[in-house]
file upload.csv (CSV, C-alpha atoms)
chain,number,residue,atom,x,y,z
T,1,MET,CA,139.9,105.1,32.9
T,2,GLU,CA,138.3,101.9,34.2
T,3,THR,CA,134.5,101.8,33.9
T,4,LEU,CA,132.2,100.7,36.8
T,5,LEU,CA,131.4,97.4,34.9
T,6,GLU,CA,135.2,96.8,34.4
T,7,PHE,CA,135.7,97.5,38.1
T,8,ASP,CA,133.0,95.0,39.1
T,9,GLU,CA,134.4,92.3,36.8
T,10,ARG,CA,137.9,92.8,38.3
T,11,VAL,CA,137.1,93.0,42.0
T,12,GLY,CA,134.0,90.8,42.2
T,13,PRO,CA,135.7,87.4,42.0
T,14,PHE,CA,138.4,88.0,44.6
T,15,GLN,CA,136.0,89.8,47.0
T,16,THR,CA,133.4,87.1,47.0
T,17,ASP,CA,135.9,84.2,47.1
T,18,SER,CA,138.7,85.8,49.0
T,19,VAL,CA,139.9,83.0,51.4
T,20,PRO,CA,142.2,80.5,49.7
T,21,ASP,CA,141.0,77.0,49.7
T,22,GLU,CA,143.9,75.5,51.6
T,23,PRO,CA,144.4,73.7,55.0
T,24,VAL,CA,146.7,76.4,56.5
T,25,PHE,CA,146.0,80.1,56.2
T,26,GLY,CA,149.5,81.5,55.3
T,27,LEU,CA,150.5,85.1,56.1
T,28,PRO,CA,153.1,87.1,54.0
T,29,ALA,CA,156.4,87.8,55.7
T,30,SER,CA,155.9,91.5,55.0
T,31,LEU,CA,153.0,91.6,57.5
T,32,GLU,CA,155.7,91.5,60.3
T,33,GLN,CA,156.7,95.0,59.4
T,34,LYS,CA,153.4,96.2,60.7
T,35,VAL,CA,152.3,93.6,63.3
T,36,VAL,CA,154.5,92.1,66.1
T,37,PRO,CA,154.4,88.3,65.9
T,38,ARG,CA,152.6,86.4,68.6
T,39,VAL,CA,151.5,89.4,70.6
T,40,GLY,CA,149.7,91.4,67.9
T,41,MET,CA,150.8,94.9,68.7
T,42,LEU,CA,151.1,97.4,65.8
T,43,ARG,CA,154.7,98.1,65.0
T,44,PRO,CA,156.1,101.6,64.3
T,45,PHE,CA,155.4,102.1,60.5
T,46,HIS,CA,155.7,105.6,59.1
T,47,GLY,CA,154.4,107.6,56.2
T,48,ASP,CA,151.5,109.5,54.7
T,49,THR,CA,148.4,108.8,52.7
T,50,ILE,CA,145.4,110.5,51.2
T,51,ALA,CA,142.1,109.3,52.7
T,52,TYR,CA,138.5,110.0,53.6
T,53,PHE,CA,137.6,109.9,57.2
T,54,LEU,CA,134.2,108.3,57.8
T,55,ASP,CA,131.1,109.8,59.3
T,56,ASP,CA,129.6,108.5,62.5
T,57,ARG,CA,127.2,106.0,60.9
T,58,ALA,CA,129.9,104.4,58.9
T,59,ARG,CA,132.3,104.3,61.9
T,60,GLU,CA,129.6,102.6,63.9
T,61,LEU,CA,129.2,99.9,61.3
T,62,VAL,CA,133.0,99.3,61.1
T,63,GLY,CA,133.0,99.0,64.9
T,64,VAL,CA,130.3,96.4,64.9
T,65,ILE,CA,132.2,94.3,62.3
T,66,ALA,CA,135.5,94.7,64.1
T,67,ASN,CA,134.0,93.6,67.4
T,68,GLU,CA,132.5,90.5,65.9
T,69,LEU,CA,135.7,89.6,64.3
T,70,HIS,CA,137.7,90.0,67.5
T,71,ASP,CA,135.1,88.0,69.4
T,72,ARG,CA,135.6,85.1,67.0
T,73,PHE,CA,139.2,85.4,66.1
T,74,GLY,CA,140.9,87.7,68.6
T,75,ASP,CA,143.9,85.6,69.2
T,76,SER,CA,144.5,85.4,65.4
T,77,LEU,CA,144.3,89.2,64.8
T,78,SER,CA,146.3,92.2,65.7
T,79,LEU,CA,145.2,94.3,68.6
T,80,PRO,CA,142.0,96.3,67.7
T,81,LEU,CA,142.3,99.3,65.5
T,82,PRO,CA,140.8,102.5,66.8
T,83,VAL,CA,137.4,102.8,65.2
T,84,GLU,CA,137.6,106.7,65.2
T,85,MET,CA,140.5,106.4,62.7
T,86,ALA,CA,138.6,104.2,60.2
T,87,HIS,CA,139.0,105.6,56.7
T,88,VAL,CA,138.9,104.9,53.0
T,89,THR,CA,142.3,105.4,51.4
T,90,LEU,CA,142.1,107.2,48.2
T,91,HIS,CA,145.8,107.1,47.3
T,92,ASP,CA,148.9,105.7,49.1
T,93,LEU,CA,151.9,107.9,49.1
T,94,HIS,CA,155.1,107.1,51.2
T,95,ALA,CA,155.5,104.4,53.8
T,96,GLY,CA,158.0,102.2,55.5
T,97,PRO,CA,159.3,101.0,58.9
T,98,ASP,CA,162.4,103.3,58.9
T,99,ARG,CA,161.2,106.8,59.9
T,100,GLU,CA,164.6,108.4,59.1
T,101,ARG,CA,164.2,107.3,55.5
T,102,VAL,CA,160.5,108.0,55.0
T,103,TRP,CA,160.0,111.3,56.8
T,104,PRO,CA,162.3,113.4,54.6
T,105,VAL,CA,160.4,112.3,51.5
T,106,VAL,CA,157.1,113.1,53.2
T,107,GLU,CA,158.3,116.5,54.1
T,108,ALA,CA,159.7,117.3,50.7
T,109,ASP,CA,156.3,116.6,49.0
T,110,ALA,CA,154.1,118.1,51.7
T,111,ALA,CA,153.4,121.5,50.0
T,112,LYS,CA,152.6,119.9,46.7
T,113,VAL,CA,150.4,117.2,48.3
T,114,ALA,CA,148.4,119.9,50.2
T,115,GLU,CA,147.7,121.7,46.9
T,116,LEU,CA,146.5,118.4,45.3
T,117,VAL,CA,144.2,117.7,48.2
T,118,ALA,CA,142.4,121.0,47.5
T,119,GLN,CA,142.2,120.0,43.8
T,120,ALA,CA,140.8,116.5,44.6
T,121,ARG,CA,138.1,118.0,46.9
T,122,THR,CA,136.6,119.8,43.9
T,123,VAL,CA,135.2,116.6,42.6
T,124,GLY,CA,132.6,116.9,45.4
T,125,PRO,CA,130.8,114.2,47.4
T,126,ILE,CA,130.9,110.6,46.2
T,127,ARG,CA,128.1,108.2,47.2
T,128,THR,CA,129.3,104.6,47.7
T,129,ARG,CA,127.9,101.4,49.2
T,130,CYS,CA,129.5,98.5,51.0
T,131,THR,CA,129.9,95.3,49.0
T,132,THR,CA,131.6,92.5,51.0
T,133,VAL,CA,133.7,91.8,54.0
T,134,PHE,CA,136.7,90.1,52.5
T,135,ASN,CA,140.3,88.9,53.1
T,136,LEU,CA,142.7,91.3,51.5
T,137,VAL,CA,145.8,89.3,50.2
T,138,ASN,CA,146.1,87.4,53.5
T,139,THR,CA,147.1,90.6,55.4
T,140,SER,CA,143.8,92.0,56.7
T,141,VAL,CA,140.0,91.8,56.8
T,142,VAL,CA,138.4,94.8,55.0
T,143,ILE,CA,135.0,96.1,53.9
T,144,GLY,CA,134.9,96.7,50.2
T,145,ILE,CA,133.1,99.7,48.9
T,146,ARG,CA,131.8,100.7,45.4
T,147,ALA,CA,130.4,103.9,43.9
T,148,VAL,CA,126.7,103.7,43.4
T,149,ASP,CA,126.8,104.7,39.8
T,150,GLU,CA,129.1,105.4,36.9
T,151,GLY,CA,129.3,109.1,37.6
T,152,GLY,CA,130.5,108.5,41.2
T,153,HIS,CA,133.0,105.9,40.0
T,154,HIS,CA,134.4,108.4,37.5
T,155,LYS,CA,134.7,111.1,40.3
T,156,LEU,CA,136.4,108.7,42.6
T,157,LEU,CA,139.0,107.7,40.0
T,158,SER,CA,139.5,111.3,38.9
T,159,ALA,CA,140.2,112.3,42.5
T,160,ARG,CA,142.7,109.4,42.9
T,161,ARG,CA,144.5,110.3,39.6
T,162,VAL,CA,145.3,113.8,41.0
T,163,PHE,CA,148.0,112.2,43.2
T,164,ASP,CA,149.6,110.1,40.5
T,165,LYS,CA,151.8,113.2,40.1
T,166,ILE,CA,153.4,112.3,43.4
T,167,VAL,CA,153.4,108.5,43.3
T,168,PRO,CA,152.0,106.5,40.3
T,169,SER,CA,149.2,104.2,41.2
T,170,GLY,CA,147.7,101.0,39.8
T,171,PRO,CA,144.2,99.4,39.9
T,172,PHE,CA,142.1,100.7,42.8
T,173,THR,CA,140.1,98.6,45.2
T,174,PRO,CA,138.6,101.0,47.7
T,175,HIS,CA,138.0,99.5,51.1
T,176,ILE,CA,138.0,100.1,54.9
T,177,THR,CA,140.5,98.1,56.9
T,178,VAL,CA,138.8,96.4,59.9
T,179,ALA,CA,141.6,94.2,61.3
T,180,TYR,CA,145.1,93.0,60.5
T,181,TYR,CA,146.1,89.3,61.0
T,182,ARG,CA,148.6,88.3,63.7
T,183,PRO,CA,151.8,86.6,62.5
T,184,GLU,CA,152.7,83.5,64.5
T,185,ALA,CA,149.3,83.7,66.3
T,186,PRO,CA,148.6,81.6,69.3
T,187,THR,CA,145.5,80.3,67.5
T,188,PRO,CA,146.1,79.9,63.8
T,189,LEU,CA,143.2,81.0,61.6
T,190,SER,CA,141.1,78.3,60.1
T,191,PRO,CA,140.3,79.1,56.5
T,192,ASP,CA,136.9,77.4,56.7
T,193,LYS,CA,135.9,79.3,59.8
T,194,LEU,CA,137.2,82.6,58.4
T,195,ARG,CA,135.4,82.0,55.1
T,196,SER,CA,132.1,81.3,56.9
T,197,ALA,CA,132.5,84.4,59.2
T,198,LEU,CA,133.2,86.7,56.3
T,199,ASP,CA,130.1,85.5,54.5
T,200,GLU,CA,128.0,86.2,57.6
T,201,LEU,CA,129.5,89.6,58.1
T,202,THR,CA,129.0,90.5,54.4
T,203,GLY,CA,125.2,90.0,55.1
T,204,GLN,CA,125.4,92.8,57.7
T,205,VAL,CA,127.2,95.4,55.5
T,206,ALA,CA,126.1,94.7,51.9
T,207,GLY,CA,124.4,97.8,50.5
T,208,LYS,CA,125.1,100.1,53.5
T,209,ALA,CA,125.8,103.7,52.4
T,210,VAL,CA,129.2,105.3,52.8
T,211,MET,CA,129.4,108.9,51.8
T,212,LEU,CA,132.9,110.1,50.8
T,213,ALA,CA,132.6,113.8,51.6
T,214,PRO,CA,135.2,116.3,50.3
T,215,GLU,CA,135.6,118.0,53.6
T,216,ARG,CA,136.7,114.7,55.1
T,217,LEU,CA,139.4,114.1,52.5
T,218,HIS,CA,142.8,114.8,54.1
T,219,VAL,CA,146.5,114.1,54.0
T,220,LEU,CA,147.0,111.7,56.9
T,221,ARG,CA,150.3,111.0,58.5
T,222,PHE,CA,150.9,107.8,60.5
T,223,ASP,CA,153.4,106.2,62.7
T,224,SER,CA,151.6,102.8,62.8
T,225,MET,CA,148.6,101.2,61.2
T,226,SER,CA,146.6,102.3,64.3
T,227,ASN,CA,147.6,105.9,64.6
T,228,TYR,CA,146.8,108.6,62.0
T,229,TRP,CA,146.6,112.4,62.2
T,230,LEU,CA,146.0,115.3,59.9
T,231,SER,CA,149.0,117.0,58.4
T,232,GLN,CA,146.9,119.9,57.3
T,233,PRO,CA,143.3,121.1,57.7

call {"tool": "encode", "arguments": {"input": "upload.csv", "output": "structure tokens"}}
result
Amino acid sequence: METLLEFDERVGPFQTDSVPDEPVFGLPASLEQKVVPRVGMLRPFHGDTIAYFLDDRARELVGVIANELHDRFGDSLSLPLPVEMAHVTLHDLHAGPDRERVWPVVEADAAKVAELVAQARTVGPIRTRCTTVFNLVNTSVVIGIRAVDEGGHHKLLSARRVFDKIVPSGPFTPHITVAYYRPEAPTPLSPDKLRSALDELTGQVAGKAVMLAPERLHVLRFDSMSNYWLSQP
């Protein structure tokens, strides 16, 4: 299991220097599965995930960062994400644009996933803090989070590993998604301006506490990147 030091060494470089040094900010073609080009609406995209909903204080912080981003780069971003649905994903499960293909798999695993959520909640609360506001692989702007100590980091990875029985996972970079980029945006993103803005916003979030509480860990189903709901209590 990755130690906290190994985690820091892995994520630190790409979080603090996340915007490519290039004249044009390129977006992956896969982003168009989630965001409508030019207009920025969130497309139908279906599936389920395991995530911690945030408390009021953390949601307020996310809302402040999202508003500042949209004030500066609104024409380059997707339509705003509902702040009440802000969350930290613990483990992705099933997802895709074709509901008829995704939903049967979601339903087939539903009972087992519910059992595993109950198991994962037994790790208890996990104290984390915000690290940076960064560009995540040219798809979105996110707030990175990190456990405050080795014990919390171990608990977080232990809870995540529970769901590897459903879908195997790789290295974990916990984060809160703040905004998606807009393909074929009317105003293309300037890498220099984005880099500067992310540095400023990092100053507003660095060190802020985010508690991952077991009672807020749920199976969430979604039909776009802006609409999630509980599939069980």

call {"tool": "atom_distance", "arguments": {"input": "upload.csv", "atom1": "CA of Asn227 in chain T", "atom2": "CA of Val178 in chain T"}}
result
13.8 Å

call {"tool": "atom_distance", "arguments": {"input": "upload.csv", "atom1": "CA of His218 in chain T", "atom2": "CA of Asn135 in chain T"}}
result
26.0 Å

call {"tool": "atom_distance", "arguments": {"input": "upload.csv", "atom1": "CA of Asp56 in chain T", "atom2": "CA of Thr132 in chain T"}}
result
19.8 Å

call {"tool": "residues_around", "arguments": {"input": "upload.csv", "residues": "Arg121 in chain T", "least_positions_apart": "6", "cutoff": "8 Å", "atoms": "all atoms listed in the file", "output": "mmCIF file with C-alpha atoms, in the frame of the given file"}}
result
data_model
loop_
_atom_site.group_PDB
_atom_site.id
_atom_site.type_symbol
_atom_site.label_atom_id
_atom_site.label_comp_id
_atom_site.auth_asym_id
_atom_site.auth_seq_id
_atom_site.Cartn_x
_atom_site.Cartn_y
_atom_site.Cartn_z
ATOM 1 C CA ALA T 159 140.200 112.300 42.500
ATOM 2 C CA PRO T 214 135.200 116.300 50.300
ATOM 3 C CA GLU T 215 135.600 118.000 53.600
ATOM 4 C CA LEU T 217 139.400 114.100 52.500
#

call {"tool": "closest_residue", "arguments": {"input": "upload.csv", "among": "T:Leu212, T:Leu90, T:Val102, T:Met225", "to": "Ala58 in chain T", "atoms": "only C-alpha atoms"}}
result
T:Leu212

call {"tool": "residues_around", "arguments": {"input": "upload.csv", "residues": "Leu194 in chain T", "least_positions_apart": "5", "cutoff": "9 Å", "atoms": "only C-alpha atoms", "output": "JSON, numbers by chain"}}
result
{"T": [19, 73, 135, 189, 199]}

call {"tool": "write_last_selection", "arguments": {"input": "upload.csv", "atoms": "C-alpha atoms", "output": "short mmCIF file (atom, residue, chain, number, x, y, z; two decimals), in the frame of the given file"}}
result
data_model
loop_
_atom_site.label_atom_id
_atom_site.label_comp_id
_atom_site.auth_asym_id
_atom_site.auth_seq_id
_atom_site.Cartn_x
_atom_site.Cartn_y
_atom_site.Cartn_z
CA VAL T 19 139.90 83.00 51.40
CA PHE T 73 139.20 85.40 66.10
CA ASN T 135 140.30 88.90 53.10
CA LEU T 189 143.20 81.00 61.60
CA ASP T 199 130.10 85.50 54.50
#

call {"tool": "closest_residue", "arguments": {"input": "upload.csv", "among": "T:Arg195, T:Pro183, T:Val83, T:Arg221", "to": "Leu61 in chain T", "atoms": "all atoms listed in the file"}}
result
T:Val83

call {"tool": "residues_around", "arguments": {"input": "upload.csv", "residues": "Leu136 in chain T", "least_positions_apart": "4", "cutoff": "12 Å", "atoms": "all atoms listed in the file", "output": "PDB file with C-alpha atoms, keeping the file's coordinate frame"}}
result
ATOM      1  CA  VAL T  11     137.100  93.000  42.000  1.00  0.00           C
ATOM      2  CA  PHE T  14     138.400  88.000  44.600  1.00  0.00           C
ATOM      3  CA  GLN T  15     136.000  89.800  47.000  1.00  0.00           C
ATOM      4  CA  THR T  16     133.400  87.100  47.000  1.00  0.00           C
ATOM      5  CA  ASP T  17     135.900  84.200  47.100  1.00  0.00           C
ATOM      6  CA  SER T  18     138.700  85.800  49.000  1.00  0.00           C
ATOM      7  CA  VAL T  19     139.900  83.000  51.400  1.00  0.00           C
ATOM      8  CA  PRO T  20     142.200  80.500  49.700  1.00  0.00           C
ATOM      9  CA  LEU T  27     150.500  85.100  56.100  1.00  0.00           C
ATOM     10  CA  PRO T  28     153.100  87.100  54.000  1.00  0.00           C
ATOM     11  CA  LEU T  31     153.000  91.600  57.500  1.00  0.00           C
ATOM     12  CA  THR T 132     131.600  92.500  51.000  1.00  0.00           C
ATOM     13  CA  SER T 140     143.800  92.000  56.700  1.00  0.00           C
ATOM     14  CA  VAL T 141     140.000  91.800  56.800  1.00  0.00           C
ATOM     15  CA  VAL T 142     138.400  94.800  55.000  1.00  0.00           C
ATOM     16  CA  ILE T 143     135.000  96.100  53.900  1.00  0.00           C
ATOM     17  CA  GLY T 144     134.900  96.700  50.200  1.00  0.00           C
ATOM     18  CA  THR T 173     140.100  98.600  45.200  1.00  0.00           C
ATOM     19  CA  PRO T 174     138.600 101.000  47.700  1.00  0.00           C
ATOM     20  CA  HIS T 175     138.000  99.500  51.100  1.00  0.00           C
ATOM     21  CA  ILE T 176     138.000 100.100  54.900  1.00  0.00           C
ATOM     22  CA  THR T 177     140.500  98.100  56.900  1.00  0.00           C
ATOM     23  CA  VAL T 178     138.800  96.400  59.900  1.00  0.00           C
ATOM     24  CA  ALA T 179     141.600  94.200  61.300  1.00  0.00           C
ATOM     25  CA  TYR T 180     145.100  93.000  60.500  1.00  0.00           C
ATOM     26  CA  TYR T 181     146.100  89.300  61.000  1.00  0.00           C
ATOM     27  CA  LEU T 198     133.200  86.700  56.300  1.00  0.00           C
TER      28      LEU T 198
END

call {"tool": "closest_residue", "arguments": {"input": "upload.csv", "among": "T:Ala66, T:Ala95, T:Leu81, T:Ala51", "to": "Phe222 in chain T", "atoms": "all atoms listed in the file"}}
result
T:Ala95
